[in-house]
>>> print(open('query-v9.txt').read())   # compact mmCIF, C-alpha atoms
# COMPACT_ATOMS: atom_id res chain seq x y z
CA MET A 1 38.49 1.38 5.59
CA ILE A 2 38.03 3.00 8.99
CA ILE A 3 40.02 6.12 9.82
CA ALA A 4 39.82 7.63 13.29
CA ILE A 5 40.54 11.31 13.82
CA ALA A 6 41.72 11.89 17.36
CA SER A 7 43.90 14.18 19.47
CA GLY A 8 45.16 14.36 22.98
CA LYS A 9 44.33 18.03 23.43
CA GLY A 10 40.82 19.28 22.83
CA GLY A 11 40.16 22.09 20.37
CA THR A 12 42.99 21.24 17.99
CA GLY A 13 40.70 20.76 14.98
CA LYS A 14 39.51 17.13 14.97
CA THR A 15 36.06 18.01 13.69
CA THR A 16 37.46 20.53 11.20
CA VAL A 17 39.74 17.85 9.77
CA ALA A 18 37.05 15.14 9.84
CA VAL A 19 34.37 17.28 8.16
CA ASN A 20 36.64 18.71 5.47
CA LEU A 21 38.28 15.36 4.81
CA ALA A 22 34.81 13.85 4.33
CA LEU A 23 33.73 16.63 1.95
CA ALA A 24 36.97 16.43 -0.07
CA TRP A 25 37.03 12.61 -0.21
CA GLY A 26 35.61 12.52 -3.71
CA ALA A 27 33.47 9.42 -3.13
CA PRO A 28 30.60 8.56 -0.78
CA VAL A 29 31.91 8.47 2.76
CA TRP A 30 30.55 7.94 6.26
CA LEU A 31 31.36 10.38 9.02
CA LEU A 32 30.69 9.07 12.52
CA ASP A 33 30.66 11.66 15.28
CA CYS A 34 31.90 9.63 18.25
CA ASP A 35 32.37 12.71 20.46
CA VAL A 36 28.96 11.92 21.91
CA GLU A 37 29.35 14.16 24.95
CA GLU A 38 29.57 17.21 22.73
CA PRO A 39 28.94 16.25 19.12
CA ASN A 40 29.49 19.10 16.69
CA ALA A 41 30.01 17.71 13.16
CA HIS A 42 26.29 18.38 12.48
CA LEU A 43 26.95 22.10 12.95
CA PHE A 44 29.07 22.04 9.78
CA LEU A 45 27.13 19.42 7.81
CA ARG A 46 23.62 20.76 8.15
CA ALA A 47 20.87 18.49 6.86
CA ASP A 48 17.21 19.41 6.46
CA SER A 49 16.15 16.26 8.25
CA ALA A 50 17.75 13.53 10.30
CA GLN A 51 16.58 10.08 11.23
CA GLN A 52 16.59 9.57 15.00
CA GLU A 53 17.10 6.36 16.94
CA ILE A 54 16.87 6.12 20.71
CA ILE A 55 19.74 4.14 22.24
CA THR A 56 19.30 2.22 25.47
CA VAL A 57 21.37 -0.01 27.71
CA PRO A 58 20.03 -2.91 29.82
CA VAL A 59 19.81 -2.28 33.58
CA PRO A 60 18.38 -4.49 36.34
CA GLN A 61 14.86 -4.33 37.69
CA VAL A 62 14.05 -6.30 40.82
CA ASP A 63 10.75 -8.06 41.44
CA MET A 64 10.52 -7.37 45.19
CA ALA A 65 7.84 -10.03 45.66
CA ARG A 66 10.25 -12.73 44.48
CA CYS A 67 13.38 -11.29 46.13
CA ASP A 68 14.33 -12.84 49.47
CA ALA A 69 17.18 -10.38 50.19
CA CYS A 70 19.91 -13.03 49.85
CA GLY A 71 22.37 -10.38 48.60
CA GLU A 72 23.94 -12.46 45.78
CA CYS A 73 23.38 -9.66 43.25
CA SER A 74 25.08 -7.13 45.49
CA ARG A 75 28.07 -9.40 46.12
CA PHE A 76 28.45 -9.91 42.37
CA CYS A 77 28.34 -6.25 41.32
CA VAL A 78 31.80 -4.65 41.57
CA TYR A 79 30.33 -1.30 40.48
CA HIS A 80 27.89 -1.08 43.41
CA ALA A 81 25.06 -0.53 40.98
CA ILE A 82 22.92 -3.02 42.88
CA VAL A 83 23.34 -2.91 46.63
CA ALA A 84 21.74 -5.05 49.29
CA PRO A 85 23.09 -3.94 52.69
CA GLY A 86 21.18 -6.65 54.56
CA THR A 87 17.98 -5.56 52.87
CA LYS A 88 16.34 -6.15 49.51
CA PRO A 89 18.49 -4.54 46.80
CA LEU A 90 18.61 -0.89 45.79
CA VAL A 91 19.46 -0.25 42.14
CA PHE A 92 21.65 2.67 41.03
CA ARG A 93 21.07 2.58 37.29
CA GLU A 94 23.64 5.26 36.51
CA LEU A 95 26.42 3.09 37.99
CA CYS A 96 25.40 -0.03 36.01
CA HIS A 97 27.78 -1.32 33.31
CA SER A 98 25.06 -3.56 31.82
CA CYS A 99 26.91 -6.85 32.27
CA GLY A 100 23.74 -8.72 33.23
CA GLY A 101 25.56 -10.61 35.98
CA CYS A 102 23.08 -9.74 38.75
CA ALA A 103 20.21 -11.29 36.78
CA ARG A 104 22.24 -14.46 36.21
CA VAL A 105 23.34 -14.99 39.80
CA CYS A 106 19.92 -14.29 41.35
CA PRO A 107 18.80 -17.71 42.67
CA ARG A 108 15.14 -16.68 42.66
CA GLY A 109 14.97 -15.24 39.16
CA ALA A 110 13.81 -11.95 40.65
CA ILE A 111 15.96 -9.73 38.40
CA THR A 112 15.12 -8.88 34.82
CA GLU A 113 16.86 -6.38 32.57
CA VAL A 114 14.98 -3.35 31.34
CA ALA A 115 16.01 -0.64 28.88
CA ARG A 116 17.47 2.62 30.13
CA ARG A 117 17.73 5.42 27.59
CA ILE A 118 21.22 6.95 27.31
CA GLY A 119 20.95 9.06 24.16
CA VAL A 120 20.06 9.22 20.50
CA ILE A 121 21.80 8.58 17.21
CA GLU A 122 20.98 10.95 14.36
CA THR A 123 21.68 9.96 10.76
CA SER A 124 21.57 12.41 7.87
CA GLU A 125 22.93 12.81 4.36
CA VAL A 126 24.79 15.91 3.21
CA GLU A 127 26.67 16.18 -0.08
CA GLY A 128 27.71 12.53 -0.35
CA VAL A 129 28.50 12.32 3.36
CA THR A 130 26.39 10.07 5.57
CA LEU A 131 26.67 11.68 8.98
CA VAL A 132 25.96 9.48 12.03
CA GLY A 133 26.13 11.38 15.28
CA GLY A 134 25.72 10.12 18.84
CA HIS A 135 24.14 12.54 21.29
CA LEU A 136 24.49 11.46 24.92
CA ASP A 137 21.64 12.51 27.22
CA VAL A 138 22.41 15.12 29.87
CA GLY A 139 23.23 13.42 33.17
CA VAL A 140 24.50 10.16 31.65
CA ALA A 141 28.03 9.54 32.90
CA MET A 142 29.19 6.68 30.69
CA SER A 143 29.64 7.38 26.98
CA PRO A 144 31.28 4.15 25.66
CA PRO A 145 27.97 2.26 25.16
CA LEU A 146 26.68 5.06 22.92
CA ILE A 147 30.01 5.28 21.07
CA ARG A 148 29.80 1.53 20.42
CA ALA A 149 26.25 2.00 19.11
CA VAL A 150 27.47 4.72 16.71
CA LYS A 151 30.29 2.45 15.53
CA ALA A 152 27.84 -0.40 14.97
CA ARG A 153 26.49 1.70 12.07
CA ILE A 154 29.81 1.50 10.17
CA PRO A 155 29.14 -0.16 6.81
CA HIS A 156 31.12 -3.29 5.95
CA ASP A 157 32.45 -1.76 2.76
CA GLY A 158 33.31 1.81 2.04
CA VAL A 159 35.05 4.54 3.93
CA ALA A 160 34.23 5.59 7.48
CA LEU A 161 35.80 8.56 9.24
CA LEU A 162 35.44 8.57 13.03
CA ASP A 163 35.53 11.90 14.83
CA ALA A 164 36.82 10.81 18.25
CA PRO A 165 36.45 12.60 21.59
CA PRO A 166 39.57 14.39 22.91
CA GLY A 167 41.85 12.91 25.55
CA THR A 168 43.25 9.42 26.08
CA SER A 169 40.64 7.77 28.30
CA CYS A 170 37.94 5.10 27.82
CA PRO A 171 35.71 7.07 25.39
CA VAL A 172 38.63 7.73 23.02
CA ILE A 173 39.85 4.13 23.15
CA THR A 174 36.31 2.91 22.49
CA ALA A 175 36.15 5.22 19.47
CA ILE A 176 39.51 4.40 17.85
CA ARG A 177 39.77 0.67 18.60
CA GLY A 178 39.34 -1.31 15.40
CA ALA A 179 40.30 1.58 13.11
CA ASP A 180 42.69 0.90 10.23
CA ALA A 181 44.60 4.10 10.96
CA VAL A 182 44.51 7.03 13.36
CA VAL A 183 45.01 10.66 12.38
CA LEU A 184 46.18 12.71 15.37
CA VAL A 185 45.40 16.40 15.03
CA THR A 186 47.59 18.73 17.03
CA GLU A 187 48.81 22.30 17.11
CA PRO A 188 52.47 23.36 17.22
CA THR A 189 52.41 24.59 20.81
CA PRO A 190 53.79 23.17 24.07
CA PHE A 191 50.24 22.13 25.11
CA GLY A 192 49.69 20.51 21.74
CA LEU A 193 52.95 18.58 21.98
CA HIS A 194 52.34 17.47 25.56
CA ASP A 195 48.96 15.95 24.75
CA LEU A 196 50.13 14.61 21.38
CA THR A 197 52.80 12.65 23.27
CA LEU A 198 50.09 11.01 25.39
CA ALA A 199 47.94 10.31 22.34
CA VAL A 200 50.88 8.70 20.50
CA GLN A 201 51.48 6.40 23.48
CA MET A 202 47.79 5.46 23.53
CA VAL A 203 47.65 4.69 19.80
CA GLY A 204 50.93 2.79 20.06
CA ALA A 205 49.48 0.68 22.89
CA LEU A 206 46.56 -0.22 20.63
CA GLY A 207 49.00 -1.12 17.84
CA LEU A 208 47.39 1.11 15.23
CA PRO A 209 49.19 2.97 12.44
CA MET A 210 49.10 6.72 12.90
CA GLY A 211 49.97 9.99 11.29
CA VAL A 212 49.81 13.59 12.47
CA VAL A 213 48.04 16.63 11.08
CA VAL A 214 49.52 19.87 12.39
CA ASN A 215 46.87 22.57 12.50
CA ARG A 216 47.50 26.32 12.80
CA VAL A 217 51.04 26.06 11.48
CA GLY A 218 52.74 29.41 12.01
CA ILE A 219 51.96 29.75 15.70
CA GLY A 220 54.11 28.19 18.41
CA ASP A 221 57.35 26.42 17.59
CA ASN A 222 58.78 23.44 15.69
CA ARG A 223 58.87 20.95 18.56
CA VAL A 224 55.86 18.97 17.30
CA HIS A 225 57.66 18.42 14.00
CA ALA A 226 60.86 17.43 15.80
CA PHE A 227 58.92 14.97 17.97
CA CYS A 228 57.26 13.36 14.95
CA ALA A 229 60.59 13.03 13.17
CA ALA A 230 62.25 11.50 16.23
CA HIS A 231 59.48 8.92 16.59
CA HIS A 232 59.08 8.18 12.87
CA ILE A 233 55.49 9.38 12.82
CA PRO A 234 54.56 10.82 9.45
CA VAL A 235 53.25 14.39 9.34
CA LEU A 236 50.39 13.81 6.91
CA GLN A 237 49.38 17.41 6.41
CA GLU A 238 49.84 20.94 7.70
CA ILE A 239 47.01 23.45 7.91
CA PRO A 240 48.23 27.05 8.12
CA ASP A 241 47.12 29.48 10.82
CA ASP A 242 44.70 31.39 8.59
CA ARG A 243 42.26 33.83 10.15
CA ARG A 244 39.75 33.15 7.34
CA ILE A 245 39.53 29.51 8.50
CA ALA A 246 38.57 30.67 11.98
CA GLU A 247 35.99 33.05 10.54
CA ALA A 248 34.39 30.28 8.45
CA TYR A 249 34.46 27.95 11.46
CA SER A 250 32.70 30.51 13.63
CA GLN A 251 29.85 30.59 11.09
CA GLY A 252 29.65 26.78 10.81
CA ILE A 253 30.97 26.75 7.22
CA PRO A 254 33.42 23.96 6.24
CA ILE A 255 36.80 25.22 5.04
CA VAL A 256 36.51 23.55 1.63
CA GLU A 257 33.27 25.46 1.00
CA ALA A 258 34.32 28.86 2.31
CA LEU A 259 37.86 28.64 0.93
CA PRO A 260 37.93 26.28 -2.08
CA GLU A 261 41.70 26.74 -2.42
CA TYR A 262 42.04 24.40 0.57
CA ARG A 263 40.24 21.52 -1.18
CA ALA A 264 43.55 20.27 -2.63
CA LEU A 265 45.09 20.17 0.85
CA PHE A 266 42.32 17.87 2.11
CA ARG A 267 42.44 15.77 -1.08
CA GLN A 268 46.15 15.20 -0.42
CA LEU A 269 45.33 14.24 3.16
CA ALA A 270 42.77 11.72 1.89
CA GLU A 271 45.48 10.12 -0.23
CA SER A 272 47.99 10.07 2.65
CA VAL A 273 45.57 8.39 5.06
CA THR A 274 44.54 5.88 2.40
CA ALA A 275 48.21 5.00 1.98
CA LEU A 276 48.59 4.67 5.76
CA CYS A 277 45.68 2.18 5.85
CA ALA A 278 47.03 0.27 2.86
CA ALA A 279 50.41 -0.15 4.58
CA ARG A 280 48.67 -1.74 7.56
CA ARG A 281 46.68 -4.13 5.40
CA PHE A 282 49.79 -5.22 3.60
CA VAL A 283 51.53 -6.00 6.88
CA THR A 284 48.47 -7.77 8.27
CA GLN A 285 48.06 -9.98 5.26
CA GLY A 286 51.78 -10.42 4.76
CA ASP A 287 52.64 -12.29 7.94
CA GLY A 288 49.30 -13.87 8.67
CA HIS A 289 48.55 -12.14 11.96
CA GLU A 290 47.92 -8.64 13.11
CA HIS A 291 50.52 -6.67 14.98
CA ARG A 292 48.72 -5.86 18.18
CA GLY A 293 51.55 -5.09 20.52
CA GLY A 294 50.65 -3.08 23.54
CA GLY A 295 50.63 -2.64 27.25
CA GLU A 296 53.68 -0.46 27.03
CA THR A 297 53.91 2.58 29.21
CA GLU A 298 57.02 4.26 27.92
CA LEU A 299 57.35 5.91 24.57
CA ARG A 300 59.58 4.11 22.16
CA PRO A 301 60.17 4.51 18.43
CA LEU A 302 57.30 3.02 16.51
CA ASN A 303 57.15 1.41 13.14
CA PRO A 304 55.45 4.08 11.03
CA ALA A 305 53.76 1.52 8.81
CA THR A 306 51.95 -0.37 11.54
CA GLY A 307 52.18 1.91 14.55
CA ALA A 308 53.12 -1.19 16.50
CA SER A 309 56.24 -1.48 18.55
CA THR A 310 58.26 -4.64 18.26
CA THR A 311 57.18 -5.69 21.73
CA GLU A 312 54.32 -8.14 21.74
CA GLY A 313 52.00 -8.22 24.70
CA ALA A 314 48.47 -7.96 25.95
CA ASN A 315 46.73 -4.61 26.19
CA ALA A 316 46.77 -5.06 29.92
CA ASN A 317 46.88 -1.36 30.72
CA VAL A 318 44.01 -0.40 28.48
CA ARG A 319 40.69 -0.83 30.16
CA VAL A 320 37.56 0.36 28.47
CA MET B 1 24.40 2.80 70.29
CA LYS B 2 27.13 2.94 67.66
CA LEU B 3 28.08 5.99 65.61
CA ALA B 4 30.29 6.33 62.51
CA ILE B 5 32.09 9.68 62.35
CA THR B 6 34.06 10.63 59.24
CA THR B 7 37.67 11.56 59.95
CA SER B 8 41.14 11.85 58.50
CA GLY B 9 42.79 11.01 61.83
CA GLU B 10 42.90 8.19 64.35
CA THR B 11 41.64 9.63 67.63
CA VAL B 12 38.59 11.54 68.85
CA ASP B 13 40.70 14.71 68.81
CA ALA B 14 41.27 14.36 65.06
CA ALA B 15 39.59 16.52 62.45
CA LEU B 16 36.12 15.61 61.26
CA ASP B 17 36.22 15.00 57.51
CA SER B 18 33.42 16.86 55.74
CA ARG B 19 33.00 14.15 53.06
CA PHE B 20 31.14 10.90 53.64
CA GLY B 21 31.88 8.64 50.64
CA ARG B 22 35.45 9.80 50.27
CA ALA B 23 36.37 10.23 53.93
CA PRO B 24 39.71 8.53 54.66
CA LYS B 25 38.36 6.73 57.74
CA PHE B 26 35.31 6.17 59.91
CA LEU B 27 35.69 6.32 63.66
CA ILE B 28 33.17 3.80 65.00
CA TYR B 29 32.21 5.05 68.45
CA ASP B 30 30.26 3.18 71.09
CA VAL B 31 28.21 5.81 72.97
CA GLU B 32 27.62 3.66 76.07
CA SER B 33 31.23 2.56 76.66
CA GLY B 34 33.12 5.43 74.99
CA ALA B 35 35.28 2.86 73.15
CA PHE B 36 36.04 3.28 69.49
CA THR B 37 37.55 1.45 66.53
CA LEU B 38 38.68 2.73 63.14
CA LEU B 39 37.28 1.60 59.81
CA ASP B 40 39.49 2.31 56.82
CA ASN B 41 37.85 3.80 53.73
CA ALA B 42 41.00 4.36 51.62
CA GLN B 43 39.72 2.12 48.81
CA ASN B 44 36.84 4.51 48.19
CA LEU B 45 39.10 7.56 47.96
CA GLN B 46 40.25 6.25 44.58
CA ALA B 47 36.85 5.08 43.29
CA ALA B 48 35.71 6.85 40.13
CA GLN B 49 32.09 6.25 40.95
CA GLY B 50 30.02 4.65 43.68
CA ALA B 51 32.12 5.83 46.64
CA GLY B 52 29.06 6.94 48.60
CA VAL B 53 27.21 3.68 48.00
CA GLN B 54 30.21 1.61 49.03
CA ALA B 55 30.93 3.72 52.11
CA ALA B 56 27.30 3.36 53.17
CA GLU B 57 27.50 -0.44 52.79
CA HIS B 58 30.71 -0.37 54.79
CA VAL B 59 29.25 1.45 57.81
CA ALA B 60 26.04 -0.60 57.57
CA ARG B 61 28.07 -3.79 57.95
CA ALA B 62 29.80 -2.25 60.96
CA GLY B 63 26.34 -2.14 62.56
CA VAL B 64 26.16 1.57 63.29
CA ASP B 65 22.93 3.34 64.16
CA ALA B 66 23.91 6.79 62.92
CA VAL B 67 26.49 8.60 60.82
CA ILE B 68 27.97 12.00 61.69
CA THR B 69 29.66 13.76 58.79
CA GLY B 70 29.95 17.10 56.99
CA HIS B 71 27.84 16.35 53.93
CA CYS B 72 26.02 13.36 52.50
CA GLY B 73 25.24 12.79 48.81
CA PRO B 74 22.08 11.27 47.33
CA LYS B 75 23.22 7.69 46.68
CA ALA B 76 24.81 7.28 50.10
CA PHE B 77 21.72 8.77 51.74
CA ARG B 78 19.47 6.30 49.90
CA VAL B 79 21.49 3.29 51.11
CA LEU B 80 21.71 4.60 54.68
CA SER B 81 17.98 5.31 54.77
CA ALA B 82 17.18 1.83 53.43
CA VAL B 83 18.95 0.23 56.38
CA GLY B 84 17.64 2.74 58.91
CA ILE B 85 20.90 4.54 59.66
CA LYS B 86 20.32 8.16 60.68
CA VAL B 87 22.51 10.88 59.17
CA TYR B 88 23.66 13.96 61.11
CA THR B 89 25.55 16.69 59.30
CA THR B 90 27.70 19.26 61.04
CA ASP B 91 30.50 21.72 60.34
CA LEU B 92 32.13 21.24 63.72
CA PRO B 93 35.90 20.86 63.33
CA THR B 94 36.71 17.72 65.29
CA VAL B 95 35.30 14.30 66.07
CA ALA B 96 35.25 15.17 69.79
CA ALA B 97 33.27 18.37 69.21
CA ALA B 98 30.76 16.48 67.05
CA LEU B 99 30.39 13.74 69.65
CA ALA B 100 29.82 16.31 72.40
CA ALA B 101 27.18 18.04 70.28
CA PHE B 102 25.52 14.71 69.53
CA LYS B 103 25.38 13.78 73.20
CA ALA B 104 23.97 17.22 74.02
CA GLY B 105 21.27 16.63 71.41
CA SER B 106 22.25 19.71 69.42
CA LEU B 107 22.97 17.96 66.09
CA SER B 108 20.06 17.97 63.70
CA GLN B 109 19.16 14.90 61.72
CA ALA B 110 19.38 15.24 57.92
CA GLU B 111 16.15 14.52 56.07
CA GLY B 112 17.86 14.05 52.72
CA ALA B 113 21.08 14.47 50.85
CA ASP B 114 22.47 17.98 51.26
CA VAL B 115 24.85 17.89 48.29
CA GLU B 116 24.86 16.48 44.77
CA GLY B 117 26.94 13.41 43.96
CA HIS B 118 30.66 14.15 43.28
CA TRP B 119 30.37 17.59 44.97
>>> encode(input="query-v9.txt", output="structure tokens")
Amino acid sequence: MIIAIASGKGGTGKTTVAVNLALAWGAPVWLLDCDVEEPNAHLFLRADSAQQEIITVPVPQVDMARCDACGECSRFCVYHAIVAPGTKPLVFRELCHSCGGCARVCPRGAITEVARRIGVIETSEVEGVTLVGGHLDVGVAMSPPLIRAVKARIPHDGVALLDAPPGTSCPVITAIRGADAVVLVTEPTPFGLHDLTLAVQMVGALGLPMGVVVNRVGIGDNRVHAFCAAHHIPVLQEIPDDRRIAEAYSQGIPIVEALPEYRALFRQLAESVTALCAARRFVTQGDGHEHRGGGETELRPLNPATGASTTEGANANVRV
Amino acid sequence: MKLAITTSGETVDAALDSRFGRAPKFLIYDVESGAFTLLDNAQNLQAAQGAGVQAAEHVARAGVDAVITGHCGPKAFRVLSAVGIKVYTTDLPTVAAALAAFKAGSLSQAEGADVEGHW
């Protein structure tokens, strides 16, 4: 069971929900920090030691003695990562998407692929939680390859919670694709609602079931709740605007440890998201194929059980 | 000798665009005849990455000997250097003023990129 915790707006409490949900799960669970540009789950789940793995991507290296400056590699590369303006090629490794095409099209076999480091993955164990965190190196512009490497550590059985990056762009889609359900964390403010609307469209386009956690209930207004009701999106849990939560957060202490009275709230959330995943499995098995509608650009009422609209189509608008 | 001057307009009186990779157009100017053509760079305005590299390939294919612009980033400079295109940077306001300064020999040649990528 893979549950992604995402949000449109940043700073709504994705990591807070992910960490506390993991600690309150009641069984061994994996927490994958896919916010590799600024991972922070490890600040709340502090381990004495972590195992480190260096993650690399393949990039081209040109043997200039073999190269005859034919320019085939440059004509192939739509990302301009290998450029031969009438000369032997120049390689811009940071623009490379690691497709390997340049090495294949080179008629002289002058291009080989070499490893370029993009970051590290740290794995640690804290209180029944296996934390896997991707840490992108400073200066690396593309995070999806590292997010995919983090996700490759998801065990076949068991429960994995994915702490996604904020927003609705490629890194988020890379993180949540393949999840059994998506938990969207928002706050009851106009900003929260605006970005929640975008996130709901994104998750709908991927055809994933979703539910909302409203954090800091008590501030703002009731428009997030009205939106969820209008679009048949279940509100899975509400976390009150409690100053003590902010104080614990500022010291890197999970809510369920600092304020044990909140453990029941996260236990309930664990049950709600499990039910959300189960509903999807039932539908998937029930009619023999997965509902993967998508490509839609306008918001329409979604089936709360599957998150899919009734429109079938390719995910043409979602490029990762 | 052919020059590529970055611009947002269509004549020598138009403003000089201070960006290289994301300039809307290049005015390709023949110093001997005074004739010029325009090279569209609109595709690169939208590029998320690699605009400088692509713009440099673009002007290289146009066969220019030098580029006159406001600023030049590191990737574009590397491509231009590889093909022997000189880079002159200036804060003069128009294409005509830059051309006059070039002809008078008062533009200085850049020895490297003067800005970071995506400045």
>>> interface_residues(input="query-v9.txt", of="chain A", to="chain B", cutoff="9 Å", atoms="all atoms listed in the file", output="list in words")
Tyr79, His80, Ala81, Val83, Ala84, Pro85, Gly86, Thr87, Lys88, Leu90, Phe92 and Leu95 of chain A
>>> atom_distance(input="query-v9.txt", atom1="CA of Asp65 in chain B", atom2="CA of Gly117 in chain B")
22.9 Å
>>> atom_distance(input="query-v9.txt", atom1="CA of Ala98 in chain B", atom2="CA of Ile5 in chain B")
8.4 Å
>>> atom_distance(input="query-v9.txt", atom1="CA of Pro39 in chain A", atom2="CA of Pro260 in chain A")
25.1 Å
>>> residues_around(input="query-v9.txt", residues="Thr12 in chain A", least_positions_apart="2", cutoff="10 Å", atoms="all atoms listed in the file", output="list of chain:residue names")
A:Ala6, A:Ser7, A:Gly8, A:Lys9, A:Gly10, A:Lys14, A:Thr15, A:Thr16, A:Val17, A:Pro166, A:Leu184, A:Val185, A:Thr186, A:Glu187, A:Pro188, A:Gly192, A:Val213, A:Val214, A:Asn215, A:Arg216
>>> build_atoms(input="query-v9.txt", residues="range 105-112 of chain B", atoms="all heavy atoms", output="mmCIF file, in the coordinates of the input")
data_model
loop_
_atom_site.group_PDB
_atom_site.id
_atom_site.type_symbol
_atom_site.label_atom_id
_atom_site.label_comp_id
_atom_site.auth_asym_id
_atom_site.auth_seq_id
_atom_site.Cartn_x
_atom_site.Cartn_y
_atom_site.Cartn_z
ATOM 1 N N GLY B 105 22.507 16.577 72.197
ATOM 2 C CA GLY B 105 21.270 16.630 71.410
ATOM 3 C C GLY B 105 21.176 17.851 70.507
ATOM 4 O O GLY B 105 20.095 18.224 70.064
ATOM 5 N N SER B 106 22.317 18.485 70.220
ATOM 6 C CA SER B 106 22.250 19.710 69.420
ATOM 7 C C SER B 106 22.555 19.498 67.936
ATOM 8 O O SER B 106 22.601 20.451 67.175
ATOM 9 C CB SER B 106 23.184 20.772 70.018
ATOM 10 O OG SER B 106 24.509 20.314 69.989
ATOM 11 N N LEU B 107 22.787 18.217 67.524
ATOM 12 C CA LEU B 107 22.970 17.960 66.090
ATOM 13 C C LEU B 107 21.593 17.682 65.483
ATOM 14 O O LEU B 107 20.781 16.986 66.075
ATOM 15 C CB LEU B 107 23.871 16.749 65.848
ATOM 16 C CG LEU B 107 25.352 16.899 66.140
ATOM 17 C CD1 LEU B 107 26.079 15.629 65.711
ATOM 18 C CD2 LEU B 107 25.951 18.109 65.449
ATOM 19 N N SER B 108 21.368 18.232 64.316
ATOM 20 C CA SER B 108 20.060 17.970 63.700
ATOM 21 C C SER B 108 20.189 16.856 62.657
ATOM 22 O O SER B 108 21.189 16.755 61.943
ATOM 23 C CB SER B 108 19.510 19.236 63.064
ATOM 24 O OG SER B 108 20.450 19.766 62.178
ATOM 25 N N GLN B 109 19.143 16.044 62.615
ATOM 26 C CA GLN B 109 19.160 14.900 61.720
ATOM 27 C C GLN B 109 18.822 15.345 60.287
ATOM 28 O O GLN B 109 17.868 16.078 60.067
ATOM 29 C CB GLN B 109 18.129 13.873 62.209
ATOM 30 C CG GLN B 109 18.253 12.537 61.506
ATOM 31 C CD GLN B 109 17.171 11.566 61.964
ATOM 32 O OE1 GLN B 109 16.707 11.625 63.105
ATOM 33 N NE2 GLN B 109 16.777 10.678 61.074
ATOM 34 N N ALA B 110 19.628 14.880 59.313
ATOM 35 C CA ALA B 110 19.380 15.240 57.920
ATOM 36 C C ALA B 110 18.167 14.492 57.390
ATOM 37 O O ALA B 110 17.989 13.310 57.685
ATOM 38 C CB ALA B 110 20.607 14.916 57.072
ATOM 39 N N GLU B 111 17.337 15.172 56.633
ATOM 40 C CA GLU B 111 16.150 14.520 56.070
ATOM 41 C C GLU B 111 16.373 14.099 54.621
ATOM 42 O O GLU B 111 15.506 13.523 53.985
ATOM 43 C CB GLU B 111 14.954 15.455 56.178
ATOM 44 C CG GLU B 111 14.459 15.527 57.624
ATOM 45 C CD GLU B 111 13.438 16.618 57.835
ATOM 46 O OE1 GLU B 111 12.915 17.118 56.821
ATOM 47 O OE2 GLU B 111 13.196 16.955 58.994
ATOM 48 N N GLY B 112 17.549 14.429 54.101
ATOM 49 C CA GLY B 112 17.860 14.050 52.720
ATOM 50 C C GLY B 112 19.299 14.417 52.440
ATOM 51 O O GLY B 112 19.982 14.960 53.311
#
